[in-house]
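*Asks:* This is entry.txt, which holds compact mmCIF, C-alpha atoms:
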# COMPACT_ATOMS: atom_id res chain seq x y z
CA MET A 1 -13.59 -13.55 15.51
CA LEU A 2 -9.87 -14.42 15.81
CA LEU A 3 -8.41 -17.71 14.60
CA PRO A 4 -5.74 -19.47 16.71
CA ASP A 5 -2.79 -17.97 14.75
CA GLU A 6 -4.22 -14.44 14.63
CA HIS A 7 -4.01 -11.37 16.84
CA LEU A 8 -4.96 -7.70 16.73
CA GLU A 9 -2.50 -4.92 15.93
CA PRO A 10 -3.54 -1.33 16.76
CA LEU A 11 -3.53 1.25 13.97
CA SER A 12 -5.01 4.11 15.98
CA ARG A 13 -6.85 4.69 19.22
CA ASP A 14 -10.03 3.22 17.78
CA ILE A 15 -8.98 0.96 14.89
CA SER A 16 -7.10 -2.35 14.91
CA VAL A 17 -6.33 -4.88 12.19
CA ILE A 18 -6.30 -8.67 12.36
CA VAL A 19 -2.90 -10.11 11.42
CA SER A 20 -1.31 -13.56 11.23
CA GLN A 21 2.11 -14.97 10.49
CA ASN A 22 1.32 -15.10 6.77
CA HIS A 23 -0.65 -11.86 6.46
CA ARG A 24 0.66 -8.86 8.35
CA PHE A 25 1.95 -5.37 7.70
CA ASN A 26 5.20 -3.53 8.22
CA THR A 27 6.81 -0.10 8.41
CA ASP A 28 6.59 0.33 4.63
CA THR A 29 2.82 -0.23 4.78
CA ILE A 30 2.40 2.57 7.31
CA LEU A 31 4.65 4.92 5.35
CA LEU A 32 2.75 4.30 2.12
CA ALA A 33 -0.60 4.79 3.85
CA ALA A 34 0.56 8.16 5.19
CA PHE A 35 2.17 9.22 1.89
CA SER A 36 -1.00 8.38 -0.09
CA LEU A 37 -3.59 9.66 2.39
CA PRO A 38 -6.93 10.24 0.61
CA ARG A 39 -8.80 13.50 0.50
CA THR A 40 -12.29 13.79 1.95
CA GLY A 41 -14.91 12.09 -0.20
CA GLU A 42 -12.54 10.28 -2.53
CA THR A 43 -13.05 6.81 -3.98
CA CYS A 44 -9.90 4.74 -3.49
CA ALA A 45 -8.40 1.31 -4.07
CA ASP A 46 -5.52 -0.57 -2.51
CA PHE A 47 -3.94 -3.16 -4.81
CA GLY A 48 -2.61 -6.21 -2.96
CA THR A 49 -4.25 -5.13 0.27
CA GLY A 50 -3.20 -8.25 2.22
CA CYS A 51 -4.62 -8.01 5.75
CA GLY A 52 -6.25 -4.68 4.86
CA ALA A 53 -4.02 -2.37 6.90
CA ILE A 54 -3.84 0.49 4.37
CA PRO A 55 -7.64 0.89 3.97
CA LEU A 56 -8.04 0.87 7.76
CA ILE A 57 -5.24 3.43 8.26
CA TRP A 58 -6.91 5.65 5.65
CA CYS A 59 -10.18 5.41 7.56
CA ALA A 60 -8.41 6.26 10.83
CA LYS A 61 -6.74 9.39 9.41
CA ALA A 62 -9.02 10.61 6.61
CA LYS A 63 -12.62 10.54 5.38
CA PRO A 64 -12.70 8.74 2.04
CA LYS A 65 -16.05 7.95 0.48
CA LYS A 66 -15.27 4.33 -0.41
CA ILE A 67 -12.21 2.05 -0.38
CA TYR A 68 -11.82 -1.18 -2.32
CA GLY A 69 -9.11 -3.54 -1.14
CA VAL A 70 -8.02 -5.79 -4.02
CA GLU A 71 -6.32 -9.05 -3.07
CA ILE A 72 -5.66 -12.35 -4.85
CA GLN A 73 -5.33 -14.61 -1.78
CA GLU A 74 -8.62 -15.91 -0.41
CA ASP A 75 -7.51 -16.24 3.22
CA ALA A 76 -6.16 -12.69 3.25
CA CYS A 77 -9.45 -11.40 1.83
CA GLU A 78 -11.42 -13.20 4.50
CA MET A 79 -9.17 -11.76 7.21
CA ALA A 80 -9.42 -8.22 5.84
CA ARG A 81 -13.21 -8.45 5.67
CA ARG A 82 -13.34 -9.48 9.33
CA SER A 83 -11.11 -6.53 10.23
CA ALA A 84 -13.44 -4.13 8.41
CA ALA A 85 -16.45 -5.61 10.20
CA LEU A 86 -14.67 -5.55 13.57
CA ASN A 87 -14.05 -1.80 13.16
CA ARG A 88 -17.59 -1.14 11.88
CA LEU A 89 -16.19 -0.08 8.52
CA ALA A 90 -17.74 -2.73 6.26
CA ASP A 91 -19.82 -0.06 4.49
CA THR A 92 -16.71 1.97 3.67
CA VAL A 93 -14.11 -0.77 3.10
CA GLU A 94 -14.99 -3.52 0.60
CA ILE A 95 -12.56 -6.36 -0.06
CA LEU A 96 -12.53 -7.90 -3.54
CA GLN A 97 -10.77 -11.14 -4.43
CA CYS A 98 -9.27 -10.79 -7.90
CA ASP A 99 -5.94 -10.38 -9.67
CA MET A 100 -4.60 -7.93 -12.22
CA THR A 101 -5.90 -10.07 -15.10
CA THR A 102 -9.54 -9.92 -13.98
CA ILE A 103 -9.90 -6.37 -12.63
CA LYS A 104 -11.72 -5.21 -15.76
CA GLN A 105 -14.36 -7.88 -15.16
CA ILE A 106 -15.30 -6.59 -11.68
CA SER A 107 -18.37 -4.32 -11.83
CA ALA A 108 -17.39 -2.60 -8.56
CA LEU A 109 -14.19 -1.38 -10.26
CA PRO A 110 -15.36 0.85 -13.13
CA ALA A 111 -12.97 2.47 -15.57
CA ASN A 112 -12.07 6.05 -14.65
CA GLY A 113 -13.97 5.67 -11.39
CA PHE A 114 -11.17 6.22 -8.86
CA ASP A 115 -9.44 9.23 -7.39
CA LEU A 116 -6.59 7.35 -5.72
CA ILE A 117 -4.94 3.93 -5.95
CA ALA A 118 -2.12 2.71 -3.72
CA CYS A 119 0.02 -0.38 -4.04
CA ASN A 120 2.77 -1.89 -1.93
CA PRO A 121 3.90 -4.35 -4.62
CA PRO A 122 6.25 -7.33 -4.39
CA TYR A 123 9.77 -6.00 -3.99
CA LYS A 124 11.51 -8.55 -6.20
CA THR A 125 10.85 -9.37 -9.83
CA GLU A 126 10.10 -12.98 -10.64
CA GLY A 127 13.35 -14.91 -10.68
CA ALA A 128 15.23 -12.41 -8.50
CA GLY A 129 16.46 -13.21 -5.01
CA LEU A 130 15.78 -16.24 -2.85
CA LYS A 131 12.29 -17.69 -3.15
CA ASN A 132 10.22 -18.08 0.00
CA THR A 133 8.77 -21.57 0.20
CA GLU A 134 5.58 -20.39 1.90
CA GLU A 135 3.20 -19.42 -0.90
CA ALA A 136 1.61 -16.44 0.90
CA ARG A 137 4.98 -14.82 1.52
CA ARG A 138 6.20 -15.69 -1.97
CA VAL A 139 3.21 -13.90 -3.51
CA ALA A 140 3.85 -10.89 -1.27
CA ARG A 141 7.58 -10.66 -2.04
CA HIS A 142 7.98 -11.84 -5.65
CA GLU A 143 6.11 -10.92 -8.82
CA VAL A 144 4.57 -14.35 -9.26
CA ALA A 145 0.98 -13.10 -9.52
CA CYS A 146 1.62 -9.99 -11.62
CA SER A 147 4.31 -7.61 -12.81
CA PHE A 148 4.59 -3.93 -11.96
CA ALA A 149 3.76 -3.13 -15.58
CA GLU A 150 0.42 -4.92 -15.11
CA ILE A 151 -0.19 -2.99 -11.89
CA ALA A 152 0.46 0.31 -13.70
CA ARG A 153 -1.81 -0.70 -16.59
CA ASN A 154 -4.72 -1.48 -14.29
CA ALA A 155 -4.20 1.64 -12.20
CA ALA A 156 -4.38 3.75 -15.37
CA TYR A 157 -7.58 1.94 -16.37
CA LEU A 158 -9.30 2.64 -13.05
CA LEU A 159 -8.13 6.19 -12.34
CA ARG A 160 -9.96 9.30 -13.50
CA TYR A 161 -7.96 11.90 -15.41
CA GLY A 162 -5.68 13.54 -12.85
CA GLY A 163 -6.16 10.65 -10.41
CA ARG A 164 -3.20 9.63 -8.27
CA PHE A 165 -1.27 6.37 -8.05
CA CYS A 166 1.08 5.83 -5.10
CA CYS A 167 3.55 3.01 -4.49
CA CYS A 168 6.64 2.10 -2.53
CA LEU A 169 9.56 -0.07 -3.65
CA ARG A 170 13.28 -0.58 -3.24
CA PRO A 171 15.49 2.15 -4.81
CA GLU A 172 17.06 -0.21 -7.35
CA ARG A 173 13.67 -0.46 -9.07
CA LEU A 174 13.00 3.28 -9.35
CA CYS A 175 14.01 3.63 -12.99
CA SER A 176 11.98 0.68 -14.27
CA VAL A 177 8.95 1.72 -12.18
CA MET A 178 8.98 5.22 -13.67
CA LEU A 179 9.26 3.80 -17.18
CA ASP A 180 6.31 1.43 -16.57
CA LEU A 181 4.20 4.28 -15.18
CA ARG A 182 4.97 6.65 -18.05
CA ALA A 183 4.15 3.92 -20.55
CA GLU A 184 0.58 3.94 -19.16
CA GLY A 185 0.21 7.72 -19.03
CA LEU A 186 0.98 7.94 -15.31
CA GLU A 187 3.43 10.80 -14.88
CA PRO A 188 5.69 10.66 -11.77
CA LYS A 189 4.95 13.82 -9.76
CA ARG A 190 6.31 13.34 -6.24
CA LEU A 191 9.20 11.27 -4.87
CA ARG A 192 10.44 10.68 -1.35
CA LEU A 193 13.35 8.49 -0.26
CA VAL A 194 13.35 6.71 3.10
CA GLN A 195 16.46 6.01 5.19
CA GLN A 196 16.75 4.04 8.41
CA ARG A 197 19.26 6.59 9.73
CA ALA A 198 21.13 9.62 8.37
CA ASP A 199 24.30 7.56 7.80
CA LYS A 200 22.51 4.82 5.84
CA ALA A 201 21.67 4.68 2.14
CA PRO A 202 17.97 4.91 1.21
CA SER A 203 16.16 1.58 1.56
CA LEU A 204 12.80 2.59 0.10
CA PHE A 205 11.17 5.14 -2.16
CA LEU A 206 7.63 6.50 -2.04
CA LEU A 207 6.32 7.65 -5.42
CA GLN A 208 3.15 9.42 -6.55
CA ALA A 209 2.10 9.60 -10.20
CA ALA A 210 -0.83 11.36 -11.84
CA LEU A 211 -2.83 10.08 -14.80
CA GLY A 212 -2.32 12.52 -17.64
CA GLY A 213 -0.03 14.71 -15.55
CA LYS A 214 2.45 17.10 -17.12
CA PRO A 215 6.20 16.35 -16.77
CA GLY A 216 7.74 17.72 -13.60
CA MET A 217 8.43 16.00 -10.32
CA VAL A 218 8.89 17.29 -6.77
CA VAL A 219 11.48 15.49 -4.61
CA ASP A 220 10.59 15.71 -0.92
CA PRO A 221 13.18 15.78 1.87
CA VAL A 222 14.46 12.34 2.93
CA LEU A 223 12.32 10.63 5.56
CA LEU A 224 14.46 9.32 8.44
CA ILE A 225 13.00 6.41 10.38
CA GLU A 226 15.43 6.73 13.30
CA ASP A 227 17.07 9.78 14.83
CA GLY A 228 19.49 9.39 17.74
CA GLY A 229 18.60 5.81 18.68
CA GLY A 230 14.81 5.98 18.50
CA TYR A 231 12.04 6.89 16.11
CA SER A 232 12.42 10.31 14.51
CA GLU A 233 9.84 12.96 15.36
CA GLU A 234 8.26 12.55 11.93
CA MET A 235 7.96 8.79 12.34
CA ILE A 236 6.30 9.28 15.70
CA ARG A 237 3.79 11.64 14.06
CA ILE A 238 3.14 9.11 11.29
CA TYR A 239 2.89 6.12 13.61
CA GLY A 240 0.90 7.93 16.29
CA GLU A 241 -0.02 5.60 19.11
CA TYR A 242 1.36 2.61 17.24
CA ALA A 243 4.92 3.92 17.67
CA GLN A 244 4.35 4.10 21.40
CA ASN A 245 3.40 0.45 21.52
CA LYS A 246 5.96 -1.68 19.74
CA GLY A 247 6.48 -0.49 16.17
CA ALA A 248 5.53 -2.26 12.97
CA ALA A 249 6.18 -5.85 12.04
CA VAL A 250 9.14 -6.53 9.75
CA LYS A 251 8.49 -7.97 6.30
Turn the structure described in the file into structure tokens.
*Replies:*
Amino acid sequence: MLLPDEHLEPLSRDISVIVSQNHRFNTDTILLAAFSLPRTGETCADFGTGCGAIPLIWCAKAKPKKIYGVEIQEDACEMARRSAALNRLADTVEILQCDMTTIKQISALPANGFDLIACNPPYKTEGAGLKNTEEARRVARHEVACSFAEIARNAAYLLRYGGRFCCCLRPERLCSVMLDLRAEGLEPKRLRLVQQRADKAPSLFLLQAALGGKPGMVVDPVLLIEDGGGYSEEMIRIYGEYAQNKGAAVK
């Protein structure tokens, strides 16, 4: 089941995900999965699912009806499918290889058919920052495969009226992200900033938008990752057993 460069990372007592050097998850992945947790019986999608960690975390903590993991990279799709099979979740978690330009051609992804979509998008716009020479990491970190505007457009296409879109990104992109979402009828409704410690500036935001939602956004209290030299109590609750092992990989 595991290739030579792969190993298992635990997500809960009963569920683990296959990861490799090129396809793995991090703290932001876990935070987004917790922030966007589905309701019972919902149909969900995870854009840019990578190794498939978010769909598996959702299955560990909630009872969605169906989850589609959308990913452009073939090797990541193959890995995520093996993880779903390993955890006996292949009937619930389906991995689809496609990009933002072909989503409308996939019969399993009908318009207005989804309650929830999550996305941990590339943090840097194309042309910004240092490029990673490894293609898998470059796709994960830079908008070479799609822009956030394209992500928002496809989320709006797939979501039912009132459906939720959740994402996480660096604070410097908050304004442009909100503008892209509003342009597609996705109204920002809930925002939470994440700080490593109380004396540090926010390094991440978690944002939820609703298709066709009325203006008005709730700002949650700041989420602190560390408190007094270790994980904060909230992070321990979010991580569960994973926090007691070794923490999440760093992107």
*Asks:* Looking at all atoms listed in the file, which of A:Leu191, A:Ala84, A:Asn112, A:Tyr123 is the one that sits closest to A:Tyr161?
*Replies:*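 Nearest candidate to A:Tyr161 out of A:Leu191, A:Ala84, A:Asn112, A:Tyr123: A:Asn112.
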*Asks:* For atom CA of A:Leu116 and atom CA of A:Tyr231, determine how far apart the two atoms are, in Å to one decimal place.
*Replies:* 28.7 Å
*Asks:* Is it possible to get the residues within 12 Å of (-4.3, 1.1, -1.5) (coordinates as in the file, counting all atoms listed in the file) written as an MDAnalysis selection string?
*Replies:* chainID A and resid 29:38 43:59 64 66:71 93:95 114:121 151 155 164:168
*Asks:* Figure out the distance between atom CA of A:Cys98 and atom CA of A:Leu179, please, to one decimal in Å.
*Replies:*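 These two atoms are separated by 25.3 Å.
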*Asks:* Work out how far atom CA of A:Arg24 is from atom CA of A:Arg88, in Å to one decimal.
*Replies:*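 That distance, rounded to one decimal, is 20.1 Å.
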*Asks:* A:Leu181, A:Ala60, A:Leu224, A:Val219: which is nearest A:Asp199, counting all atoms listed in the file?
*Replies:*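 Of all the options, A:Leu224 lies closest to A:Asp199.
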*Asks:* Between A:Leu174, A:Leu89, A:Ala156, A:Ile225, single out the one closest to A:Gly213, counting only C-alpha atoms.
*Replies:*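 Of all the options, A:Ala156 lies closest to A:Gly213.
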*Asks:* Place a sphere of radius 10 Å on (-6.8, -8.6, -15.0) in the file coordinates and name every protein, DNA or RNA residue with an atom inside or on its surface, counting all atoms listed in the file; give the answer as a list in words.
*Replies:*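 Here the neighbourhood of the point contains Cys98, Asp99, Met100, Thr101, Thr102, Ile103, Lys104, Gln105, Ile106, Cys146, Glu150, Ile151, Arg153 and Asn154 of chain A.
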*Asks:* Restricting the calculation to all atoms listed in the file, which member of A:Ser176, A:Pro215, A:Gly228, A:Pro221 is positioned closest to A:Arg197?
*Replies:*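 Of all the options, A:Gly228 lies closest to A:Arg197.
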*Asks:* Neighbours of A:Lys65 within 7 Å (all atoms listed in the file; same-chain residues fewer than 2 positions away dropped), as a VMD selection string?
*Replies:* chain A and resid 41 to 43 63 92
